[in-house]
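**Q** Next comes the structure file upload.txt, holding compact mmCIF, N, CA and C atoms.
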```txt
# COMPACT_ATOMS: atom_id res chain seq x y z
N MET A 1280 158.36 91.67 147.60
CA MET A 1280 159.57 91.56 146.80
C MET A 1280 160.14 90.15 146.93
N THR A 1281 160.53 89.55 145.83
CA THR A 1281 161.09 88.21 145.81
C THR A 1281 162.61 88.29 145.90
N ALA A 1282 163.18 87.45 146.73
CA ALA A 1282 164.64 87.41 146.86
C ALA A 1282 165.25 86.81 145.61
N THR A 1283 166.40 87.31 145.23
CA THR A 1283 167.11 86.78 144.08
C THR A 1283 167.80 85.48 144.48
N ARG A 1284 167.62 84.48 143.67
CA ARG A 1284 168.25 83.19 143.95
C ARG A 1284 169.48 83.04 143.06
N PRO A 1285 170.56 82.52 143.63
CA PRO A 1285 171.74 82.31 142.80
C PRO A 1285 171.49 81.18 141.80
N SER A 1286 172.16 81.24 140.67
CA SER A 1286 171.99 80.19 139.68
C SER A 1286 173.06 79.12 139.88
N ALA A 1287 172.78 77.94 139.36
CA ALA A 1287 173.70 76.81 139.51
C ALA A 1287 175.05 77.18 138.91
N PRO A 1288 176.17 76.76 139.49
CA PRO A 1288 176.27 75.91 140.66
C PRO A 1288 176.27 76.66 141.98
N TRP A 1289 175.88 77.94 141.97
CA TRP A 1289 175.83 78.70 143.22
C TRP A 1289 174.50 78.48 143.92
N VAL A 1290 174.32 77.25 144.35
CA VAL A 1290 173.12 76.89 145.10
C VAL A 1290 173.56 76.32 146.44
N PRO A 1291 172.78 76.53 147.49
CA PRO A 1291 173.16 75.97 148.78
C PRO A 1291 172.87 74.47 148.84
N VAL A 1292 173.78 73.72 149.46
CA VAL A 1292 173.60 72.29 149.64
C VAL A 1292 174.01 71.89 151.04
N GLY A 1293 173.34 70.87 151.55
CA GLY A 1293 173.71 70.26 152.82
C GLY A 1293 174.50 68.98 152.54
N ILE A 1294 174.76 68.23 153.57
CA ILE A 1294 175.51 66.98 153.42
C ILE A 1294 174.79 66.04 152.46
N ASP A 1295 173.46 65.99 152.55
CA ASP A 1295 172.71 65.11 151.65
C ASP A 1295 172.85 65.54 150.20
N GLY A 1296 172.81 66.83 149.94
CA GLY A 1296 172.97 67.34 148.58
C GLY A 1296 174.37 67.11 148.03
N ILE A 1297 175.37 67.24 148.90
CA ILE A 1297 176.75 66.97 148.49
C ILE A 1297 176.89 65.51 148.11
N ALA A 1298 176.36 64.64 148.95
CA ALA A 1298 176.42 63.20 148.68
C ALA A 1298 175.74 62.88 147.34
N ASP A 1299 174.57 63.42 147.12
CA ASP A 1299 173.85 63.18 145.86
C ASP A 1299 174.66 63.68 144.66
N GLU A 1300 175.19 64.89 144.77
CA GLU A 1300 175.93 65.50 143.66
C GLU A 1300 177.19 64.73 143.31
N LEU A 1301 177.88 64.19 144.33
CA LEU A 1301 179.14 63.50 144.09
C LEU A 1301 178.99 61.99 143.99
N GLY A 1302 177.76 61.48 144.16
CA GLY A 1302 177.52 60.05 144.01
C GLY A 1302 178.12 59.20 145.11
N VAL A 1303 178.09 59.73 146.33
CA VAL A 1303 178.61 59.00 147.49
C VAL A 1303 177.56 59.00 148.59
N THR A 1304 177.84 58.32 149.68
CA THR A 1304 176.92 58.32 150.81
C THR A 1304 177.14 59.54 151.69
N GLN A 1305 176.15 59.85 152.51
CA GLN A 1305 176.31 60.95 153.46
C GLN A 1305 177.42 60.65 154.45
N ASP A 1306 177.59 59.38 154.81
CA ASP A 1306 178.68 59.01 155.72
C ASP A 1306 180.05 59.33 155.11
N THR A 1307 180.18 59.17 153.80
CA THR A 1307 181.44 59.51 153.13
C THR A 1307 181.72 60.99 153.25
N VAL A 1308 180.71 61.82 153.06
CA VAL A 1308 180.89 63.27 153.18
C VAL A 1308 181.31 63.63 154.60
N VAL A 1309 180.67 63.03 155.58
CA VAL A 1309 181.02 63.28 156.98
C VAL A 1309 182.48 62.87 157.23
N THR A 1310 182.90 61.75 156.67
CA THR A 1310 184.28 61.29 156.83
C THR A 1310 185.26 62.26 156.19
N TRP A 1311 184.93 62.77 154.98
CA TRP A 1311 185.81 63.75 154.33
C TRP A 1311 185.99 64.98 155.21
N ARG A 1312 184.89 65.45 155.80
CA ARG A 1312 184.98 66.63 156.67
C ARG A 1312 185.88 66.35 157.87
N ARG A 1313 185.67 65.21 158.50
CA ARG A 1313 186.45 64.85 159.68
C ARG A 1313 187.93 64.71 159.34
N ARG A 1314 188.23 64.02 158.26
CA ARG A 1314 189.63 63.83 157.86
C ARG A 1314 190.32 65.15 157.57
N SER A 1315 189.60 66.07 156.94
CA SER A 1315 190.26 67.34 156.59
C SER A 1315 190.54 68.18 157.83
N LYS A 1316 189.89 67.89 158.93
CA LYS A 1316 190.17 68.59 160.19
C LYS A 1316 191.32 67.93 160.94
N GLU A 1317 191.49 66.62 160.72
CA GLU A 1317 192.46 65.85 161.50
C GLU A 1317 193.79 65.64 160.78
N TRP A 1318 193.76 65.56 159.46
CA TRP A 1318 194.96 65.21 158.70
C TRP A 1318 195.54 66.45 158.04
N VAL A 1319 196.81 66.67 158.22
CA VAL A 1319 197.47 67.85 157.67
C VAL A 1319 197.64 67.72 156.15
N THR A 1320 197.84 66.51 155.65
CA THR A 1320 198.16 66.32 154.23
C THR A 1320 196.94 66.28 153.32
N VAL A 1321 195.76 66.36 153.86
CA VAL A 1321 194.53 66.31 153.06
C VAL A 1321 194.06 67.73 152.79
N GLU A 1322 193.70 68.01 151.51
CA GLU A 1322 193.17 69.34 151.20
C GLU A 1322 191.89 69.56 152.01
N LYS A 1323 191.82 70.69 152.65
CA LYS A 1323 190.72 70.98 153.57
C LYS A 1323 189.37 71.01 152.87
N PHE A 1324 188.41 70.33 153.48
CA PHE A 1324 187.03 70.40 153.02
C PHE A 1324 186.56 71.84 153.24
N PRO A 1325 185.79 72.39 152.31
CA PRO A 1325 185.36 73.79 152.47
C PRO A 1325 184.62 74.04 153.79
N GLU A 1326 184.85 75.21 154.33
CA GLU A 1326 184.11 75.61 155.54
C GLU A 1326 182.65 75.85 155.14
N PRO A 1327 181.72 75.55 156.03
CA PRO A 1327 180.32 75.84 155.73
C PRO A 1327 180.11 77.33 155.46
N ALA A 1328 179.18 77.62 154.57
CA ALA A 1328 178.84 79.01 154.26
C ALA A 1328 177.86 79.57 155.28
N GLY A 1329 177.21 78.68 156.02
CA GLY A 1329 176.25 79.11 157.03
C GLY A 1329 175.53 77.93 157.64
N LYS A 1330 174.48 78.25 158.37
CA LYS A 1330 173.65 77.23 159.01
C LYS A 1330 172.19 77.53 158.72
N ILE A 1331 171.43 76.48 158.53
CA ILE A 1331 169.98 76.57 158.40
C ILE A 1331 169.40 75.57 159.39
N SER A 1332 168.59 76.04 160.29
CA SER A 1332 168.00 75.18 161.34
C SER A 1332 169.07 74.37 162.06
N GLY A 1333 170.21 75.01 162.32
CA GLY A 1333 171.27 74.36 163.07
C GLY A 1333 172.14 73.42 162.27
N ARG A 1334 171.89 73.29 160.96
CA ARG A 1334 172.67 72.37 160.12
C ARG A 1334 173.53 73.18 159.15
N ASP A 1335 174.76 72.71 158.96
CA ASP A 1335 175.69 73.38 158.05
C ASP A 1335 175.22 73.28 156.61
N TRP A 1336 175.55 74.33 155.83
CA TRP A 1336 175.33 74.28 154.38
C TRP A 1336 176.52 74.92 153.68
N TRP A 1337 176.70 74.57 152.41
CA TRP A 1337 177.81 75.04 151.59
C TRP A 1337 177.27 75.50 150.24
N TRP A 1338 178.05 76.30 149.54
CA TRP A 1338 177.74 76.61 148.15
C TRP A 1338 178.21 75.43 147.31
N LEU A 1339 177.34 74.95 146.43
CA LEU A 1339 177.68 73.81 145.58
C LEU A 1339 178.95 74.09 144.77
N ALA A 1340 179.12 75.29 144.27
CA ALA A 1340 180.31 75.62 143.48
C ALA A 1340 181.59 75.38 144.27
N ASP A 1341 181.59 75.74 145.56
CA ASP A 1341 182.78 75.53 146.40
C ASP A 1341 183.06 74.04 146.57
N ILE A 1342 182.01 73.25 146.74
CA ILE A 1342 182.16 71.80 146.89
C ILE A 1342 182.70 71.19 145.60
N LEU A 1343 182.15 71.62 144.46
CA LEU A 1343 182.62 71.09 143.18
C LEU A 1343 184.08 71.45 142.93
N ASP A 1344 184.49 72.66 143.28
CA ASP A 1344 185.89 73.05 143.14
C ASP A 1344 186.78 72.16 144.00
N TRP A 1345 186.37 71.92 145.25
CA TRP A 1345 187.13 71.07 146.16
C TRP A 1345 187.19 69.64 145.61
N ALA A 1346 186.07 69.12 145.17
CA ALA A 1346 186.02 67.75 144.65
C ALA A 1346 186.91 67.61 143.41
N ARG A 1347 186.91 68.61 142.56
CA ARG A 1347 187.75 68.59 141.35
C ARG A 1347 189.23 68.60 141.77
N ALA A 1348 189.58 69.46 142.71
CA ALA A 1348 190.98 69.60 143.16
C ALA A 1348 191.50 68.35 143.86
N THR A 1349 190.61 67.58 144.46
CA THR A 1349 191.03 66.39 145.22
C THR A 1349 190.77 65.09 144.47
N GLY A 1350 190.31 65.19 143.22
CA GLY A 1350 190.06 63.99 142.43
C GLY A 1350 188.79 63.25 142.80
N ARG A 1351 187.89 63.92 143.50
CA ARG A 1351 186.65 63.27 143.92
C ARG A 1351 185.47 63.55 143.00
N LEU A 1352 185.68 64.39 142.00
CA LEU A 1352 184.60 64.72 141.07
C LEU A 1352 184.66 63.71 139.92
N LYS A 1353 183.62 62.90 139.82
CA LYS A 1353 183.57 61.90 138.76
C LYS A 1353 183.30 62.58 137.43
N GLN A 1354 184.13 62.26 136.46
CA GLN A 1354 183.98 62.83 135.13
C GLN A 1354 183.06 61.94 134.30
N ASP A 1355 182.16 62.58 133.55
CA ASP A 1355 181.23 61.82 132.70
C ASP A 1355 181.91 61.34 131.44
```
Show how you would write the structure in this file as structure tokens.

**A**
Amino acid sequence: MTATRPSAPWVPVGIDGIADELGVTQDTVVTWRRRSKEWVTVEKFPEPAGKISGRDWWWLADILDWARATGRLKQD
């Protein structure tokens, strides 16, 4: 039996996928995560949906919602 895969934008992404999707570096994504934990006035970066091989992952849809709400989603 084949597992059902979610359709876009409900796909899992890691820091590298987030960086690619938003057109920034992986270091920028790491900084956003850190700032949202340290600064009260910054909208919180989404919590990871889980871990794969010890690395955090998120649903792309949650990241896109966060990026849109914080002005980080580049409009075409």

**Q** Taking only residues of range 1302-1330 of chain A that have an atom at most 8 Å from an atom of range 1337-1353 of chain A, what is each one's shortest atom pair and its distance in Å to one decimal, using only C-alpha atoms, in chain and number order, as a tab-separated table?

**A**
```
residue	atom	partner	partner_atom	distance
A:Glu1322	CA	A:Thr1349	CA	7.0
A:Phe1324	CA	A:Trp1345	CA	6.9
A:Pro1325	CA	A:Ile1342	CA	6.7
A:Glu1326	CA	A:Trp1337	CA	7.5
A:Pro1327	CA	A:Trp1337	CA	4.9
A:Ala1328	CA	A:Trp1337	CA	4.9
A:Gly1329	CA	A:Trp1337	CA	7.0
```

**Q** What does the file look like for those residues with N, CA and C atoms, as a JSON list (two decimals), keeping the file's coordinate frame?

**A**
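result_34.json, freshly written:
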```
[["chain", "number", "residue", "atom", "x", "y", "z"],
["A", 1322, "GLU", "N", 193.70, 68.01, 151.51],
["A", 1322, "GLU", "CA", 193.17, 69.34, 151.20],
["A", 1322, "GLU", "C", 191.89, 69.56, 152.01],
["A", 1324, "PHE", "N", 188.41, 70.33, 153.48],
["A", 1324, "PHE", "CA", 187.03, 70.40, 153.02],
["A", 1324, "PHE", "C", 186.56, 71.84, 153.24],
["A", 1325, "PRO", "N", 185.79, 72.39, 152.31],
["A", 1325, "PRO", "CA", 185.36, 73.79, 152.47],
["A", 1325, "PRO", "C", 184.62, 74.04, 153.79],
["A", 1326, "GLU", "N", 184.85, 75.21, 154.33],
["A", 1326, "GLU", "CA", 184.11, 75.61, 155.54],
["A", 1326, "GLU", "C", 182.65, 75.85, 155.14],
["A", 1327, "PRO", "N", 181.72, 75.55, 156.03],
["A", 1327, "PRO", "CA", 180.32, 75.84, 155.73],
["A", 1327, "PRO", "C", 180.11, 77.33, 155.46],
["A", 1328, "ALA", "N", 179.18, 77.62, 154.57],
["A", 1328, "ALA", "CA", 178.84, 79.01, 154.26],
["A", 1328, "ALA", "C", 177.86, 79.57, 155.28],
["A", 1329, "GLY", "N", 177.21, 78.68, 156.02],
["A", 1329, "GLY", "CA", 176.25, 79.11, 157.03],
["A", 1329, "GLY", "C", 175.53, 77.93, 157.64]]
```

**Q** Looking only at strand (DSSP E) from DSSP on the backbone, list the matching residues of chain A as JSON, numbers by chain.

**A** {"A": [1291, 1292, 1329, 1330, 1331, 1334, 1335, 1336, 1337, 1338]}

**Q** Go through chain A and collect every residue that DSSP, computed from the backbone, puts in helix (DSSP H, G or I); the answer should be as number ranges by chain.

**A** A: 1294-1301, 1305-1317, 1339-1348

**Q** Contacts of Gln1305 in chain A at 8 Å or less, counting all atoms listed in the file, minus same-chain residues fewer than 6 places along, as an MDAnalysis selection string?

**A** chainID A and resid 1294:1299 1311

**Q** Expressed in Å to a single decimal, how great is the separation between CA of Trp1289 in chain A and CA of Leu1301 in chain A?

**A**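 These atoms are spaced 15.6 Å apart.
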
**Q** What is the CA of Pro1285 in chain A to atom N of Thr1310 in chain A distance in Å?

**A** 27.2 Å

**Q** Between CA of Ala1287 in chain A and CA of Asp1335 in chain A, what is the spacing in Å?

**A** 19.0 Å
